[in-house]
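Undergrad: This is structure_33.cif (mmCIF, C-alpha atoms and all ligand atoms).
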```cif
data_protein
#
loop_
_atom_site.label_atom_id
_atom_site.label_comp_id
_atom_site.auth_asym_id
_atom_site.auth_seq_id
_atom_site.Cartn_x
_atom_site.Cartn_y
_atom_site.Cartn_z
CA MET A 1 -20.02 25.57 -12.35
CA VAL A 2 -23.13 27.51 -13.33
CA GLU A 3 -22.76 31.25 -12.77
CA ILE A 4 -25.73 33.48 -12.06
CA LYS A 5 -25.33 37.04 -13.29
CA THR A 6 -26.38 40.17 -11.41
CA ASN A 7 -28.70 42.69 -13.07
CA GLY A 8 -25.70 44.96 -13.69
CA GLU A 9 -23.86 42.07 -15.34
CA LEU A 10 -26.88 41.39 -17.55
CA GLU A 11 -26.72 45.02 -18.70
CA ALA A 12 -23.02 44.61 -19.51
CA MET A 13 -23.80 41.41 -21.44
CA ARG A 14 -26.50 43.26 -23.36
CA ALA A 15 -23.89 45.79 -24.47
CA ALA A 16 -21.63 42.97 -25.73
CA GLY A 17 -24.60 41.23 -27.34
CA ARG A 18 -25.68 44.39 -29.16
CA VAL A 19 -22.27 44.49 -30.87
CA VAL A 20 -22.79 40.91 -32.06
CA GLY A 21 -26.25 41.79 -33.39
CA ARG A 22 -24.85 44.77 -35.27
CA ALA A 23 -21.98 42.72 -36.71
CA LEU A 24 -24.38 40.07 -37.99
CA ALA A 25 -26.62 42.75 -39.51
CA ALA A 26 -23.59 44.22 -41.30
CA VAL A 27 -22.61 40.79 -42.62
CA ARG A 28 -26.11 40.21 -43.88
CA ARG A 29 -26.18 43.55 -45.69
CA ALA A 30 -22.83 42.76 -47.33
CA ALA A 31 -23.75 39.22 -48.44
CA LYS A 32 -24.59 39.08 -52.16
CA PRO A 33 -23.67 36.79 -55.05
CA GLY A 34 -20.00 37.36 -55.90
CA VAL A 35 -18.99 38.56 -52.43
CA ARG A 36 -16.25 36.50 -50.80
CA LEU A 37 -16.63 35.02 -47.33
CA ARG A 38 -13.46 36.85 -46.32
CA GLU A 39 -15.22 40.15 -47.09
CA LEU A 40 -18.05 39.17 -44.72
CA ASP A 41 -15.44 38.62 -42.01
CA GLU A 42 -14.05 42.08 -42.73
CA ALA A 43 -17.54 43.60 -42.37
CA ALA A 44 -17.89 41.99 -38.92
CA ARG A 45 -14.36 43.02 -37.92
CA SER A 46 -15.18 46.67 -38.68
CA VAL A 47 -18.21 46.62 -36.38
CA LEU A 48 -16.28 44.94 -33.56
CA SER A 49 -13.38 47.32 -33.92
CA GLU A 50 -15.56 50.46 -34.02
CA ALA A 51 -17.30 49.27 -30.84
CA GLY A 52 -13.97 48.60 -29.11
CA ALA A 53 -14.91 44.93 -28.80
CA GLY A 54 -12.67 41.89 -29.07
CA SER A 55 -13.44 38.59 -30.75
CA PRO A 56 -13.77 35.37 -28.76
CA PHE A 57 -13.52 33.46 -32.09
CA LEU A 58 -10.23 34.88 -33.38
CA GLY A 59 -7.37 32.65 -32.19
CA TYR A 60 -9.78 30.26 -30.45
CA ARG A 61 -8.26 26.80 -30.28
CA PRO A 62 -10.30 24.09 -28.58
CA SER A 63 -8.78 20.62 -28.16
CA PHE A 64 -10.13 19.28 -31.47
CA ALA A 65 -8.70 22.12 -33.54
CA PRO A 66 -5.44 21.71 -35.47
CA THR A 67 -4.99 25.49 -35.84
CA PRO A 68 -6.24 28.62 -34.02
CA PHE A 69 -9.45 29.93 -35.63
CA PRO A 70 -8.39 32.67 -38.09
CA ALA A 71 -11.50 34.90 -38.19
CA VAL A 72 -14.15 36.74 -36.13
CA ILE A 73 -17.05 34.89 -37.81
CA CYS A 74 -17.73 31.32 -38.78
CA ALA A 75 -19.19 31.18 -42.30
CA SER A 76 -20.84 27.87 -43.14
CA VAL A 77 -22.28 27.56 -46.66
CA ASN A 78 -24.85 25.01 -47.92
CA ASP A 79 -23.87 21.58 -46.54
CA ALA A 80 -21.53 23.15 -43.95
CA VAL A 81 -23.34 23.15 -40.59
CA VAL A 82 -21.03 25.11 -38.29
CA HIS A 83 -17.40 26.26 -37.84
CA GLY A 84 -16.76 27.15 -41.50
CA ILE A 85 -13.69 29.34 -42.08
CA PRO A 86 -14.43 32.53 -44.07
CA ASP A 87 -12.04 32.13 -47.01
CA GLY A 88 -11.89 33.24 -50.63
CA TYR A 89 -15.09 31.43 -51.62
CA ALA A 90 -17.37 33.78 -53.59
CA LEU A 91 -21.07 33.46 -52.78
CA ARG A 92 -23.32 32.12 -55.55
CA ASP A 93 -26.96 32.70 -56.31
CA GLY A 94 -29.07 30.39 -54.14
CA ASP A 95 -26.41 29.69 -51.48
CA LEU A 96 -27.59 29.10 -47.91
CA VAL A 97 -25.24 30.85 -45.51
CA SER A 98 -24.94 30.52 -41.74
CA ILE A 99 -22.86 33.13 -39.95
CA ASP A 100 -21.85 32.74 -36.30
CA CYS A 101 -20.26 35.71 -34.51
CA GLY A 102 -19.08 36.56 -31.02
CA ALA A 103 -17.94 39.75 -29.32
CA LYS A 104 -16.20 40.50 -26.05
CA LEU A 105 -16.79 43.91 -24.48
CA ASP A 106 -15.64 45.01 -21.02
CA GLY A 107 -14.96 41.37 -20.17
CA TRP A 108 -18.39 40.05 -21.18
CA THR A 109 -19.25 37.88 -24.14
CA GLY A 110 -22.10 37.65 -26.67
CA ASP A 111 -22.65 34.83 -29.18
CA ALA A 112 -25.24 34.64 -31.97
CA ALA A 113 -25.77 33.19 -35.42
CA VAL A 114 -28.02 33.81 -38.42
CA SER A 115 -28.92 31.76 -41.49
CA PHE A 116 -30.05 33.34 -44.76
CA THR A 117 -30.08 32.74 -48.49
CA VAL A 118 -28.25 34.76 -51.12
CA GLY A 119 -30.00 35.74 -54.36
CA THR A 120 -32.93 33.53 -55.37
CA PRO A 121 -33.76 31.10 -52.54
CA ARG A 122 -34.69 27.44 -52.98
CA PRO A 123 -38.07 26.78 -51.32
CA ALA A 124 -36.56 23.90 -49.30
CA ASP A 125 -33.97 26.29 -47.85
CA THR A 126 -36.60 28.85 -46.92
CA ALA A 127 -38.51 26.11 -45.08
CA LEU A 128 -35.36 24.84 -43.35
CA ILE A 129 -34.45 28.33 -42.11
CA ALA A 130 -38.03 28.98 -40.95
CA ALA A 131 -38.08 25.72 -38.96
CA THR A 132 -34.71 26.48 -37.35
CA GLN A 133 -35.95 29.96 -36.42
CA GLN A 134 -39.14 28.46 -35.00
CA ALA A 135 -37.05 26.06 -32.88
CA LEU A 136 -35.01 28.98 -31.54
CA ASP A 137 -38.18 31.00 -30.84
CA ARG A 138 -39.67 28.08 -28.89
CA ALA A 139 -36.39 27.53 -27.04
CA ILE A 140 -36.33 31.20 -26.04
CA ALA A 141 -39.97 31.02 -24.91
CA ALA A 142 -39.05 28.04 -22.70
CA ALA A 143 -36.17 29.95 -21.05
CA VAL A 144 -38.18 31.08 -18.03
CA PRO A 145 -37.86 30.57 -14.27
CA GLY A 146 -39.68 27.40 -13.20
CA ASN A 147 -38.67 25.52 -16.34
CA ARG A 148 -35.58 23.32 -16.65
CA ILE A 149 -32.88 22.90 -19.31
CA GLY A 150 -34.76 19.84 -20.58
CA ASP A 151 -37.75 22.02 -21.47
CA ILE A 152 -35.53 24.07 -23.81
CA SER A 153 -34.01 20.90 -25.31
CA HIS A 154 -37.41 19.34 -25.81
CA ALA A 155 -38.76 22.48 -27.50
CA VAL A 156 -35.96 22.37 -30.10
CA ALA A 157 -36.21 18.62 -30.74
CA THR A 158 -40.00 18.77 -31.16
CA VAL A 159 -39.68 21.23 -34.05
CA ALA A 160 -36.87 19.19 -35.65
CA ARG A 161 -38.88 16.00 -35.46
CA ALA A 162 -42.01 17.62 -36.91
CA GLY A 163 -40.02 18.76 -39.96
CA GLY A 164 -38.03 15.55 -40.35
CA TYR A 165 -34.77 17.46 -39.83
CA GLY A 166 -31.58 16.00 -38.36
CA MET A 167 -29.46 17.60 -35.63
CA PRO A 168 -25.80 17.00 -34.73
CA GLU A 169 -25.61 14.77 -31.66
CA GLU A 170 -22.71 16.46 -29.91
CA TYR A 171 -23.43 20.13 -30.43
CA GLY A 172 -25.89 22.40 -28.68
CA GLY A 173 -26.20 25.54 -26.64
CA HIS A 174 -24.22 26.59 -23.59
CA GLY A 175 -23.93 28.90 -20.67
CA ILE A 176 -22.11 32.14 -21.50
CA GLY A 177 -20.68 35.07 -19.55
CA ARG A 178 -17.07 36.10 -19.14
CA GLU A 179 -16.23 33.05 -21.25
CA MET A 180 -17.96 32.08 -24.49
CA HIS A 181 -18.55 28.51 -23.32
CA GLU A 182 -19.64 28.09 -19.73
CA ASP A 183 -21.79 25.54 -17.90
CA PRO A 184 -24.41 24.28 -18.43
CA HIS A 185 -24.45 22.47 -21.77
CA VAL A 186 -27.86 22.93 -23.42
CA PRO A 187 -28.54 19.87 -25.59
CA ASN A 188 -30.84 20.28 -28.59
CA ARG A 189 -32.71 17.16 -27.58
CA GLY A 190 -33.91 16.04 -24.17
CA ARG A 191 -36.76 15.34 -21.83
CA PRO A 192 -39.07 18.01 -20.45
CA ARG A 193 -38.96 18.72 -16.70
CA ARG A 194 -35.39 17.32 -16.48
CA GLY A 195 -32.05 18.99 -15.91
CA LEU A 196 -30.96 22.22 -14.27
CA PRO A 197 -33.78 24.47 -13.02
CA LEU A 198 -33.76 27.87 -14.74
CA ARG A 199 -33.57 31.02 -12.62
CA HIS A 200 -33.17 34.78 -12.94
CA GLY A 201 -29.65 35.67 -14.01
CA LEU A 202 -28.83 32.46 -15.89
CA VAL A 203 -27.54 33.34 -19.38
CA LEU A 204 -27.61 30.77 -22.16
CA ALA A 205 -26.61 30.71 -25.82
CA LEU A 206 -29.41 28.77 -27.53
CA GLU A 207 -28.55 27.41 -30.97
CA PRO A 208 -30.58 24.91 -32.97
CA MET A 209 -28.75 23.39 -35.98
CA PHE A 210 -31.03 21.65 -38.47
CA MET A 211 -29.92 19.39 -41.33
CA ALA A 212 -32.33 18.93 -44.21
CA GLY A 213 -31.42 15.29 -44.93
CA GLY A 214 -32.60 14.11 -41.52
CA ARG A 215 -29.32 12.46 -40.50
CA ASN A 216 -27.63 13.35 -37.20
CA ASP A 217 -23.97 12.77 -38.08
CA LEU A 218 -21.29 15.15 -39.34
CA ARG A 219 -18.00 14.97 -41.20
CA THR A 220 -15.01 17.26 -40.73
CA ASP A 221 -13.22 18.97 -43.62
CA PRO A 222 -9.44 18.56 -44.01
CA ASP A 223 -9.12 22.07 -42.47
CA GLY A 224 -10.04 20.45 -39.15
CA TRP A 225 -12.79 23.01 -38.48
CA THR A 226 -15.65 22.93 -40.99
CA LEU A 227 -18.38 20.44 -40.05
CA ARG A 228 -20.60 19.23 -42.91
CA THR A 229 -23.62 17.01 -43.32
CA THR A 230 -22.62 13.49 -44.38
CA ASP A 231 -25.34 13.30 -47.06
CA GLY A 232 -24.58 16.66 -48.69
CA SER A 233 -27.92 18.12 -47.61
CA ARG A 234 -28.08 21.73 -46.51
CA ALA A 235 -28.07 22.98 -42.93
CA ALA A 236 -29.18 26.03 -40.95
CA HIS A 237 -27.88 27.35 -37.61
CA ILE A 238 -29.52 30.22 -35.71
CA GLU A 239 -28.44 31.40 -32.27
CA HIS A 240 -29.12 34.06 -29.66
CA THR A 241 -27.66 34.76 -26.25
CA VAL A 242 -30.64 34.84 -23.88
CA ALA A 243 -30.96 35.82 -20.21
CA VAL A 244 -33.51 34.04 -18.03
CA THR A 245 -35.23 36.75 -15.98
CA ASP A 246 -38.24 37.06 -13.71
CA ASP A 247 -39.72 39.35 -16.39
CA GLY A 248 -39.33 36.67 -19.07
CA PRO A 249 -36.59 35.75 -21.52
CA ARG A 250 -34.35 38.68 -22.54
CA VAL A 251 -32.58 38.31 -25.89
CA LEU A 252 -29.18 40.00 -25.47
CA THR A 253 -27.88 39.73 -29.04
CA LEU A 254 -30.39 41.85 -30.95
CA PRO A 255 -28.77 44.87 -32.71
MG MG B 1 -22.16 30.93 -31.82
MG MG B 2 -22.71 29.32 -29.15
#
```
Please express the file's structure as structure tokens.
Ligand code: MG
Ligand code: MG
TA:
Amino acid sequence: MVEIKTNGELEAMRAAGRVVGRALAAVRRAAKPGVRLRELDEAARSVLSEAGAGSPFLGYRPSFAPTPFPAVICASVNDAVVHGIPDGYALRDGDLVSIDCGAKLDGWTGDAAVSFTVGTPRPADTALIAATQQALDRAIAAAVPGNRIGDISHAVATVARAGGYGMPEEYGGHGIGREMHEDPHVPNRGRPRRGLPLRHGLVLALEPMFMAGGRNDLRTDPDGWTLRTTDGSRAAHIEHTVAVTDDGPRVLTLP
């Protein structure tokens, strides 16, 4: 069921989203060569805890997962696309890092992700991140009343195709509110003018995931969580929680 939020609920979601934005900013400041992924998780935990927010990631156990998720961020490095567990891995110069983070405040949820490089970037990674950001920007611009879900999907896929990037078939954006994953699913590929009509009060997490090698399949690590490209190419994942409003798209997960 697709839930439409009231203006007061959108304000409450903005408060939750702001915590996510601040946590991601803290992670980004902390990320340097030599820093362990576990330390990035600790940086995010501090922000959540100081804000009095909970984590929708910690202890999350969807049907595919062999174990509850042990952290408040996902940290996916280089060929990891999404769902990486922040462990003792120490970042190296030139790594491409994607961090996904959620927060729950006063019963409302925010969900966002950033991709960035550590130390000296490879030009191909800079281009991959820029394309993924462009896809998210276009997706956000399409999140307006009068459009449909398919317009968002098409916006993402058009940027991927232009760059020759692959995208995981089964993963995309989603409705969000009291729960992290609500209806509707927002595929990262689709036909314009198709799908659910967008209206004021609909809140969506939009999240393009681009894979440099151009393939669309994934493999799962033995940990049962981390999803990697099958060709070893690098991936980027950028996400915002966005409200459709009559005044235009409102990004709820900025700091
Ligand atoms: Mg996310
Ligand atoms: Mg999400």
Undergrad: Throw together the list of residues within 8 Å of ligand MG 1 (chain B), counting all atoms listed in the file, and drop it here as a PDB file with C-alpha atoms, in the frame of the given file.
TA:
```pdb
ATOM      1  CA  ASP A 100     -21.850  32.740 -36.300  1.00  0.00           C
ATOM      2  CA  CYS A 101     -20.260  35.710 -34.510  1.00  0.00           C
ATOM      3  CA  GLY A 102     -19.080  36.560 -31.020  1.00  0.00           C
ATOM      4  CA  ASP A 111     -22.650  34.830 -29.180  1.00  0.00           C
ATOM      5  CA  ALA A 112     -25.240  34.640 -31.970  1.00  0.00           C
ATOM      6  CA  ALA A 113     -25.770  33.190 -35.420  1.00  0.00           C
ATOM      7  CA  ALA A 205     -26.610  30.710 -25.820  1.00  0.00           C
ATOM      8  CA  GLU A 207     -28.550  27.410 -30.970  1.00  0.00           C
ATOM      9  CA  GLU A 239     -28.440  31.400 -32.270  1.00  0.00           C
ATOM     10  CA  HIS A 240     -29.120  34.060 -29.660  1.00  0.00           C
TER      11      HIS A 240
END
```
Undergrad: So, with all atoms listed in the file as the atoms that count, which of A:Arg215, A:His237, A:Arg228, A:His154 lies closest to ligand MG 2 (chain B)?
TA: A:His237
Undergrad: How many Å lie between CA of Ser153 in chain A and CA of Phe69 in chain A, rounded to one decimal?
TA: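 So the answer is 28.1 Å.
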Undergrad: So that I can see what lies close to Val2 in chain A, please list as a PDB file with C-alpha atoms, keeping the file's coordinate frame the residues with an atom at most 8 Å from it, counting only C-alpha atoms and leaving out residues fewer than 6 positions away in the same chain.
TA:
```
ATOM      1  CA  GLY A 175     -23.930  28.900 -20.670  1.00  0.00           C
ATOM      2  CA  GLU A 182     -19.640  28.090 -19.730  1.00  0.00           C
ATOM      3  CA  ASP A 183     -21.790  25.540 -17.900  1.00  0.00           C
ATOM      4  CA  PRO A 184     -24.410  24.280 -18.430  1.00  0.00           C
ATOM      5  CA  LEU A 202     -28.830  32.460 -15.890  1.00  0.00           C
TER       6      LEU A 202
END
```
Undergrad: Do you know which residues are at most 12 Å from range 140-150 of chain A counting all atoms listed in the file, after dropping those on the same chain fewer than 3 positions away, and could you put them as a ChimeraX atom specification?
TA: /A:133-137,153-158,172-175,183-208,238-252
Undergrad: Take CA of Glu11 in chain A and CA of Trp108 in chain A and report the distance between them in Å, one decimal.
TA: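 Result for CA of Glu11 in chain A versus CA of Trp108 in chain A: 10.0 Å, one decimal.
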Undergrad: Please, could N, CA and C atoms be added to range 128-151 of chain A and the result written as a tab-separated table (two decimals), in the coordinates of the input?
TA:
```tsv
chain	number	residue	atom	x	y	z
A	128	LEU	N	-36.35	25.28	-44.34
A	128	LEU	CA	-35.36	24.84	-43.35
A	128	LEU	C	-35.00	25.98	-42.39
A	129	ILE	N	-34.78	27.17	-42.94
A	129	ILE	CA	-34.45	28.33	-42.11
A	129	ILE	C	-35.63	28.69	-41.20
A	130	ALA	N	-36.84	28.64	-41.75
A	130	ALA	CA	-38.03	28.98	-40.95
A	130	ALA	C	-38.19	28.00	-39.79
A	131	ALA	N	-37.94	26.72	-40.04
A	131	ALA	CA	-38.08	25.72	-38.96
A	131	ALA	C	-37.01	25.94	-37.89
A	132	THR	N	-35.80	26.25	-38.31
A	132	THR	CA	-34.71	26.48	-37.35
A	132	THR	C	-35.02	27.71	-36.50
A	133	GLN	N	-35.56	28.75	-37.16
A	133	GLN	CA	-35.95	29.96	-36.42
A	133	GLN	C	-37.08	29.64	-35.44
A	134	GLN	N	-38.03	28.83	-35.89
A	134	GLN	CA	-39.14	28.46	-35.00
A	134	GLN	C	-38.61	27.70	-33.77
A	135	ALA	N	-37.64	26.81	-34.00
A	135	ALA	CA	-37.05	26.06	-32.88
A	135	ALA	C	-36.38	27.02	-31.90
A	136	LEU	N	-35.66	28.01	-32.43
A	136	LEU	CA	-35.01	28.98	-31.54
A	136	LEU	C	-36.08	29.80	-30.79
A	137	ASP	N	-37.12	30.22	-31.49
A	137	ASP	CA	-38.18	31.00	-30.84
A	137	ASP	C	-38.82	30.21	-29.68
A	138	ARG	N	-39.06	28.91	-29.94
A	138	ARG	CA	-39.67	28.08	-28.89
A	138	ARG	C	-38.69	27.84	-27.74
A	139	ALA	N	-37.42	27.70	-28.08
A	139	ALA	CA	-36.39	27.53	-27.04
A	139	ALA	C	-36.33	28.77	-26.16
A	140	ILE	N	-36.37	29.94	-26.80
A	140	ILE	CA	-36.33	31.20	-26.04
A	140	ILE	C	-37.56	31.29	-25.14
A	141	ALA	N	-38.73	30.95	-25.69
A	141	ALA	CA	-39.97	31.02	-24.91
A	141	ALA	C	-39.92	30.09	-23.69
A	142	ALA	N	-39.15	29.01	-23.81
A	142	ALA	CA	-39.05	28.04	-22.70
A	142	ALA	C	-38.01	28.46	-21.66
A	143	ALA	N	-37.25	29.52	-21.95
A	143	ALA	CA	-36.17	29.95	-21.05
A	143	ALA	C	-36.73	30.87	-19.97
A	144	VAL	N	-37.53	30.31	-19.09
A	144	VAL	CA	-38.18	31.08	-18.03
A	144	VAL	C	-38.00	30.39	-16.68
A	145	PRO	N	-37.98	31.17	-15.60
A	145	PRO	CA	-37.86	30.57	-14.27
A	145	PRO	C	-39.00	29.57	-14.05
A	146	GLY	N	-38.68	28.45	-13.41
A	146	GLY	CA	-39.68	27.40	-13.20
A	146	GLY	C	-39.52	26.27	-14.19
A	147	ASN	N	-39.00	26.59	-15.39
A	147	ASN	CA	-38.67	25.52	-16.34
A	147	ASN	C	-37.28	24.98	-16.05
A	148	ARG	N	-36.92	23.91	-16.77
A	148	ARG	CA	-35.58	23.32	-16.65
A	148	ARG	C	-34.92	23.26	-18.02
A	149	ILE	N	-33.62	23.00	-18.04
A	149	ILE	CA	-32.88	22.90	-19.31
A	149	ILE	C	-33.60	21.94	-20.26
A	150	GLY	N	-34.10	20.84	-19.73
A	150	GLY	CA	-34.76	19.84	-20.58
A	150	GLY	C	-35.97	20.39	-21.32
A	151	ASP	N	-36.61	21.41	-20.78
A	151	ASP	CA	-37.75	22.02	-21.47
A	151	ASP	C	-37.28	22.76	-22.72
```
